[in-house]
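Trainee: My file is data_6.txt. It has compact mmCIF, C-alpha atoms:
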# COMPACT_ATOMS: atom_id res chain seq x y z
CA MET R 7 82.70 103.41 105.41
CA GLY R 8 86.29 103.18 104.20
CA ALA R 9 87.83 100.43 102.12
CA ILE R 10 88.65 96.99 103.50
CA VAL R 11 92.27 95.88 103.27
CA LEU R 12 92.56 92.29 102.05
CA LEU R 13 95.82 90.43 102.61
CA PRO R 14 95.94 86.91 101.14
CA LEU R 15 98.68 85.11 103.03
CA GLY R 16 101.67 83.29 101.58
CA VAL R 17 104.25 80.92 103.01
CA ASP R 18 107.04 83.44 103.82
CA ASP R 19 106.76 84.28 107.54
CA ALA R 20 109.56 86.89 107.43
CA ALA R 21 107.85 88.78 104.59
CA LEU R 22 104.55 88.59 106.47
CA ASP R 23 106.13 90.03 109.62
CA HIS R 24 107.61 92.91 107.60
CA CYS R 25 104.28 93.55 105.86
CA LEU R 26 102.26 93.60 109.09
CA ALA R 27 104.72 95.99 110.76
CA ALA R 28 104.49 98.34 107.76
CA LEU R 29 100.69 98.16 107.85
CA ASP R 30 100.65 99.12 111.53
CA ALA R 31 103.03 102.03 110.91
CA GLY R 32 101.42 103.35 107.73
CA THR R 33 97.67 102.71 108.00
CA THR R 34 95.09 104.71 109.95
CA ALA R 35 94.19 103.04 113.25
CA GLY R 36 90.86 101.25 113.14
CA THR R 37 91.08 100.40 109.43
CA ALA R 38 89.41 97.07 108.67
CA ILE R 39 91.87 94.42 107.48
CA TRP R 40 91.24 90.80 106.62
CA LEU R 41 94.10 88.29 106.70
CA ALA R 42 92.87 85.41 104.55
CA ASP R 43 94.81 82.15 104.68
CA ASP R 44 94.20 79.60 101.93
CA ALA R 45 95.93 76.96 104.08
CA GLN R 46 99.31 78.53 103.22
CA ALA R 47 100.75 79.93 106.46
CA GLY R 48 102.91 77.51 108.44
CA PRO R 49 103.33 77.37 112.23
CA ARG R 50 105.84 80.24 112.38
CA ALA R 51 103.63 82.49 110.27
CA GLN R 52 100.62 81.62 112.41
CA ALA R 53 102.62 82.60 115.50
CA VAL R 54 103.46 85.95 113.84
CA ILE R 55 99.76 86.46 113.08
CA ALA R 56 98.66 85.61 116.63
CA HIS R 57 101.13 88.09 118.15
CA TRP R 58 100.15 90.79 115.65
CA LEU R 59 96.41 90.32 116.21
CA ALA R 60 96.93 90.87 119.93
CA HIS R 61 98.72 94.21 119.44
CA THR R 62 97.67 95.84 116.15
CA PRO R 63 95.75 99.14 116.20
CA LEU R 64 93.90 97.99 113.08
CA GLN R 65 90.51 96.28 113.13
CA ALA R 66 91.80 92.90 112.05
CA GLU R 67 90.28 89.51 111.27
CA TYR R 68 92.04 86.26 110.39
CA THR R 69 90.49 83.31 108.59
CA ARG R 70 92.10 80.05 107.51
CA ARG R 71 90.77 77.38 105.20
CA ALA R 72 91.22 73.74 106.17
CA ARG R 73 92.21 72.90 102.55
CA PRO R 74 93.55 75.20 99.83
CA LEU R 75 91.02 76.45 97.32
CA GLY R 76 93.49 78.01 94.89
CA GLU R 77 94.70 81.57 94.49
CA VAL R 78 92.04 82.99 92.18
CA ALA R 79 89.09 81.07 93.65
CA HIS R 80 90.15 82.07 97.17
CA LEU R 81 90.45 85.74 96.21
CA ASP R 82 87.10 85.68 94.43
CA GLU R 83 85.48 84.14 97.51
CA MET R 84 86.90 86.90 99.71
CA LEU R 85 85.93 89.69 97.30
CA ARG R 86 82.38 88.36 97.06
CA ALA R 87 82.19 88.31 100.85
CA CYS R 88 83.01 92.04 100.79
CA ALA R 89 79.93 92.59 98.60
CA GLY R 90 79.89 96.11 97.14
CA MET R 91 82.64 97.54 99.33
CA ASP R 92 85.87 98.95 97.94
CA VAL R 93 88.74 96.54 98.67
CA ALA R 94 92.49 97.16 98.73
CA VAL R 95 94.22 93.89 97.86
CA LEU R 96 97.86 93.59 98.93
CA ALA R 97 100.52 91.09 97.92
CA PRO R 98 101.79 88.90 100.79
CA ASP R 99 105.27 90.48 100.53
CA SER R 100 104.08 94.07 100.19
CA VAL R 101 105.51 96.90 102.31
CA PRO R 102 103.11 99.88 102.27
CA VAL R 103 104.60 103.30 103.01
CA PRO R 104 102.74 105.66 105.37
CA GLY R 105 99.46 107.07 104.07
CA TRP R 106 99.15 104.53 101.26
CA LEU R 107 95.47 103.67 101.78
CA ASP R 108 94.34 107.25 102.44
CA GLN R 109 95.90 108.28 99.14
CA LEU R 110 94.28 105.42 97.20
CA GLN R 111 90.89 106.31 98.63
CA ALA R 112 91.43 109.98 97.78
CA CYS R 113 92.14 108.86 94.21
CA PHE R 114 88.76 107.12 94.07
CA ALA R 115 87.05 110.20 95.50
CA ARG R 116 88.44 112.41 92.72
CA ASP R 117 86.90 110.40 89.88
CA ALA R 118 83.91 108.06 90.16
CA ALA R 119 84.94 106.45 86.84
CA ILE R 120 88.08 104.91 88.38
CA ALA R 121 87.65 101.16 88.90
CA THR R 122 91.19 100.32 90.04
CA ALA R 123 93.91 102.52 91.52
CA THR R 124 97.45 101.15 91.60
CA PRO R 125 100.25 102.88 93.57
CA TRP R 126 103.90 103.16 92.57
CA CYS R 127 106.13 100.22 93.50
CA ASN R 128 109.82 99.43 93.41
CA ALA R 129 108.93 96.14 91.64
CA GLY R 130 105.73 97.04 89.85
CA GLY R 131 106.39 96.54 86.14
CA THR R 132 104.54 99.40 84.40
CA VAL R 133 104.46 101.40 87.67
CA ALA R 134 107.99 100.54 88.78
CA TRP R 135 110.02 103.37 90.31
CA PRO R 136 112.58 104.81 89.93
CA ARG R 137 113.33 102.71 86.82
CA LEU R 138 110.57 101.37 84.59
CA GLY R 139 110.24 97.60 84.24
CA GLU R 140 112.96 96.78 86.77
CA ILE R 141 113.03 95.27 90.25
CA ASN R 142 114.40 98.28 92.09
CA PRO R 143 115.68 98.11 95.70
CA LEU R 144 113.27 98.70 98.54
CA PRO R 145 113.13 102.44 99.36
CA ALA R 146 115.64 103.42 102.04
CA PHE R 147 113.49 106.26 103.45
CA PRO R 148 109.81 105.21 103.31
CA ALA R 149 108.58 108.19 105.36
CA ALA R 150 110.30 110.63 102.99
CA LEU R 151 108.92 108.74 100.01
CA SER R 152 105.43 109.06 101.47
CA VAL R 153 105.89 112.84 101.72
CA ALA R 154 107.20 113.01 98.16
CA CYS R 155 104.29 110.98 96.77
CA ALA R 156 101.69 113.03 98.65
CA ALA R 157 103.08 116.19 97.01
CA MET R 158 102.69 114.79 93.47
CA PRO R 159 100.00 116.37 91.23
CA PRO R 160 97.06 113.90 91.30
CA GLN R 161 96.55 113.38 87.56
CA HIS R 162 95.86 109.61 87.70
CA PRO R 163 96.90 108.54 84.19
CA GLU R 164 95.50 105.41 82.59
CA LEU R 165 97.43 102.14 82.89
CA PRO R 166 97.30 99.08 80.63
CA SER R 167 96.10 97.23 83.74
CA ALA R 168 96.32 97.25 87.51
CA VAL R 169 99.34 95.56 89.15
CA THR R 170 99.23 93.01 91.96
CA HIS R 171 101.60 94.54 94.54
CA ALA R 172 98.62 96.63 95.70
CA VAL R 173 95.37 97.68 94.08
CA LEU R 174 92.23 99.38 95.31
CA VAL R 175 89.22 97.89 93.50
CA ARG R 176 85.89 99.72 93.40
CA GLY R 177 83.16 97.43 94.69
CA SER R 178 80.39 98.62 92.39
CA ALA R 179 82.58 98.18 89.29
CA ARG R 180 83.75 94.75 90.43
CA GLN R 181 80.19 93.57 90.99
CA ARG R 182 78.97 94.83 87.64
CA ALA R 183 81.86 93.11 85.84
CA GLY R 184 81.01 89.82 87.54
CA GLY R 185 84.05 89.28 89.76
CA LEU R 186 87.10 87.17 88.97
CA ASP R 187 87.16 84.50 86.28
CA THR R 188 88.03 81.46 88.38
CA ASP R 189 87.82 79.04 85.44
CA SER R 190 90.27 80.65 83.00
CA TYR R 191 93.18 81.79 85.23
CA GLY R 192 95.34 80.17 87.88
CA GLY R 193 96.99 83.32 89.25
CA TRP R 194 95.88 86.68 90.65
CA SER R 195 97.95 88.68 88.15
CA ALA R 196 96.10 87.46 85.05
CA ALA R 197 92.75 87.42 86.83
CA LEU R 198 93.23 91.06 87.88
CA ILE R 199 94.18 92.10 84.33
CA ASP R 200 91.11 90.34 82.97
CA LEU R 201 88.86 91.93 85.58
CA GLY R 202 90.29 95.39 84.85
CA LEU R 203 89.80 94.99 81.10
CA ARG R 204 86.20 93.91 81.60
CA MET R 205 85.57 96.92 83.84
CA ALA R 206 87.22 99.18 81.26
CA GLY R 207 84.86 97.76 78.64
CA LEU R 208 81.99 98.93 80.83
CA GLY R 209 83.35 102.48 80.95
CA TRP R 210 85.59 102.48 84.07
CA ARG R 211 89.28 103.34 84.25
CA ASN R 212 92.39 101.57 85.58
CA VAL R 213 94.80 104.26 86.77
CA LEU R 214 98.04 105.05 88.55
CA CYS R 215 97.67 106.69 91.95
CA GLU R 216 100.89 108.69 91.82
CA THR R 217 100.38 109.97 95.37
CA ALA R 218 100.76 106.49 96.93
CA PHE R 219 103.57 103.93 97.12
CA VAL R 220 103.59 100.28 98.17
CA ALA R 221 106.94 98.52 98.04
CA ARG R 222 107.42 94.82 97.43
CA GLY R 223 110.19 92.30 98.01
CA SER R 224 109.90 90.72 94.55
CA GLU R 225 107.98 90.99 91.30
CA GLY R 226 104.79 89.02 90.82
CA SER R 227 104.73 86.07 88.42
CA ASN R 228 102.14 84.43 86.16
CA HIS R 229 100.83 80.89 86.41
CA PRO R 230 101.47 78.57 83.45
CA GLY R 231 99.01 79.20 80.64
CA ASP R 232 97.63 82.45 82.06
CA LEU R 233 99.30 84.76 79.54
CA ASP R 234 98.10 82.58 76.65
CA ALA R 235 94.56 82.74 78.03
CA LEU R 236 94.82 86.53 78.33
CA SER R 237 96.16 86.94 74.80
CA SER R 238 93.40 84.75 73.41
CA ARG R 239 90.62 86.70 75.15
CA TRP R 240 92.19 90.16 74.86
CA PRO R 241 94.41 90.21 71.73
CA ALA R 242 94.95 93.98 71.93
CA TRP R 243 96.28 93.89 75.50
CA THR R 244 99.81 92.55 74.85
CA PRO R 245 100.56 95.12 72.10
CA ARG R 246 99.20 97.87 74.34
CA LEU R 247 101.46 96.75 77.19
CA ALA R 248 104.48 96.60 74.88
CA ASP R 249 103.73 100.09 73.55
CA PHE R 250 103.41 101.42 77.11
CA LEU R 251 106.77 99.93 78.13
CA MET R 252 108.46 101.17 74.96
CA HIS R 253 107.24 104.78 75.13
CA ASP R 254 107.04 105.11 78.94
CA PRO R 255 104.27 107.73 79.27
CA LEU R 256 105.01 107.93 83.01
CA ARG R 257 108.61 109.07 82.53
CA ASP R 258 107.95 112.68 83.55
CA ALA R 259 105.96 111.62 86.62
CA ARG R 260 108.69 109.18 87.58
CA ASP R 261 111.36 111.88 87.28
CA ASP R 262 109.18 114.29 89.26
CA LEU R 263 108.82 111.78 92.09
CA GLN R 264 112.55 111.14 92.07
CA ALA R 265 113.28 114.86 92.45
CA ARG R 266 110.72 115.27 95.24
CA TYR R 267 112.10 112.21 97.02
CA GLN R 268 115.65 113.54 96.88
CA ARG R 269 114.50 116.80 98.45
CA ALA R 270 112.48 114.97 101.09
CA ILE R 271 115.32 112.70 102.20
CA MET R 272 117.77 115.54 102.78
CA PRO R 273 116.55 116.30 106.34
CA GLU R 274 116.59 112.58 107.21
CA ALA R 275 120.03 112.02 105.74
CA GLN R 276 121.40 115.13 107.43
CA GLY R 277 119.85 114.04 110.71
CA ASP R 278 121.63 110.71 110.47
CA LEU R 279 124.90 112.45 109.60
CA PHE R 280 124.81 115.05 112.36
CA GLY R 281 123.45 112.55 114.85
CA ALA R 282 126.46 110.36 114.25
CA ALA R 283 128.84 113.32 114.28
CA SER R 284 127.49 114.67 117.57
CA SER R 285 127.72 111.36 119.41
CA PRO R 286 130.24 111.64 122.26
CA PRO R 287 133.43 109.68 121.69
CA GLU R 288 134.02 106.57 123.74
CA SER R 289 136.30 107.22 126.71
CA ALA R 290 139.73 105.72 126.53
CA ALA R 291 140.34 102.77 128.74
Let's see the structure in the file written out as structure tokens.
Mentor:
Amino acid sequence: MGAIVLLPLGVDDAALDHCLAALDAGTTAGTAIWLADDAQAGPRAQAVIAHWLAHTPLQAEYTRRARPLGEVAHLDEMLRACAGMDVAVLAPDSVPVPGWLDQLQACFARDAAIATATPWCNAGGTVAWPRLGEINPLPAFPAALSVACAAMPPQHPELPSAVTHAVLVRGSARQRAGGLDTDSYGGWSAALIDLGLRMAGLGWRNVLCETAFVARGSEGSNHPGDLDALSSRWPAWTPRLADFLMHDPLRDARDDLQARYQRAIMPEAQGDLFGAASSPPESAA
């Protein structure tokens, strides 16, 4: 069985609508997806969800808590409900490009030691593209970007940690590491880093899936106190992150993707140009 897509919902109904449309367009029909609402979605978002559930080609479920449990506790509850299955967790404002999940699952299939696979993102910190550590614009040609990513050599280099715009988490590794630490962290970002570091300590890897891309409207943030808790438990992590950002070991891969993307968008851009040029002129009144 393939991975389950887990989408914890936020309060932004416009971002949710955009995300669901991208999921329909870029995910294989019949894929299992769970929309999990920690009492966050308002009436407009719930109307978006109801309309989407009635029309999506995905195998979708929607659950809503009567009272909020909290970001990390809610995610841990959902992950535990998925037992030993691989789960792709998406940010509420994510915009997956076509083929994103297939590529993440192919990444897992190449190396059984991979615990988390993180795709490129326009606002992904260590995996940001085209510029490292910046909030880049949303990609103008997502279909072309999908083609460019799929053509990348699948080397899957190690990351300091997974990133929260989108991550595929291996169920067996997650279970062995004990799930999320709901007592120490208030936000998914720190809880994911902690989980990934514990899995790495058990011999698994946290890698970039350079053949996949999931865009995002904004960069994730940390809850108050989470970074201090991370630094206290994992004192080597912050220096490792700083070294990664300073030396940018993904520079060549980032440049390679940029070149492939430029080549891939040429037919689309030319189609737009010639389509506009060949349009018949309006008749004079």
Trainee: Which of these, R:Leu22, R:Ala129, R:Ala31, R:Ala154, has the shortest distance to Ala53 of chain R once you count only C-alpha atoms?
Mentor: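 Smallest distance to Ala53 of chain R is found for R:Leu22.
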Trainee: Any idea what's packed within 7 Å of segment 241-252 of chain R, counting all atoms listed in the file, ignoring anything in its chain fewer than 4 positions away? Could you give it as a compact mmCIF listing (two decimals) with C-alpha atoms, in the frame of the given file?
Mentor:
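Everything below was put into out04.txt:
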# COMPACT_ATOMS: atom_id res chain seq x y z
CA THR R 132 104.54 99.40 84.40
CA PRO R 166 97.30 99.08 80.63
CA SER R 237 96.16 86.94 74.80
Trainee: For Leu13 of chain R, please output as a PyMOL selection string all residues within 12 Å (counting only C-alpha atoms; exclusion window: fewer than 5 positions along the same chain).
Mentor: chain R and resi 22+25-26+29+38-44+55+66-69+80-81+84-85+93-102+170-173
Trainee: Hey, could you pull the box centre and edge lengths for segment 62-71 of chain R, axis-aligned, 3 Å padding per side, all listed atoms, to one decimal in Å, as JSON?
Mentor:
{"center_x": 94.0, "center_y": 88.3, "center_z": 110.7, "size_x": 13.4, "size_y": 27.8, "size_z": 17.0}
Trainee: Between R:Glu83, R:Glu216, R:Asp232, R:Asp189, which has the minimum distance to Leu110 of chain R (counting only C-alpha atoms)?
Mentor: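 Smallest distance to Leu110 of chain R is found for R:Glu216.
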Trainee: Atom CA of Ala21 of chain R and atom CA of Arg71 of chain R, how far apart in Å?
Mentor: 20.5 Å
Trainee: Please measure the separation of atom CA of Asp200 of chain R and atom CA of Pro125 of chain R, giving the value in Å to one decimal.
Mentor: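 Going from atom CA of Asp200 of chain R over to atom CA of Pro125 of chain R, I get 18.8 Å.
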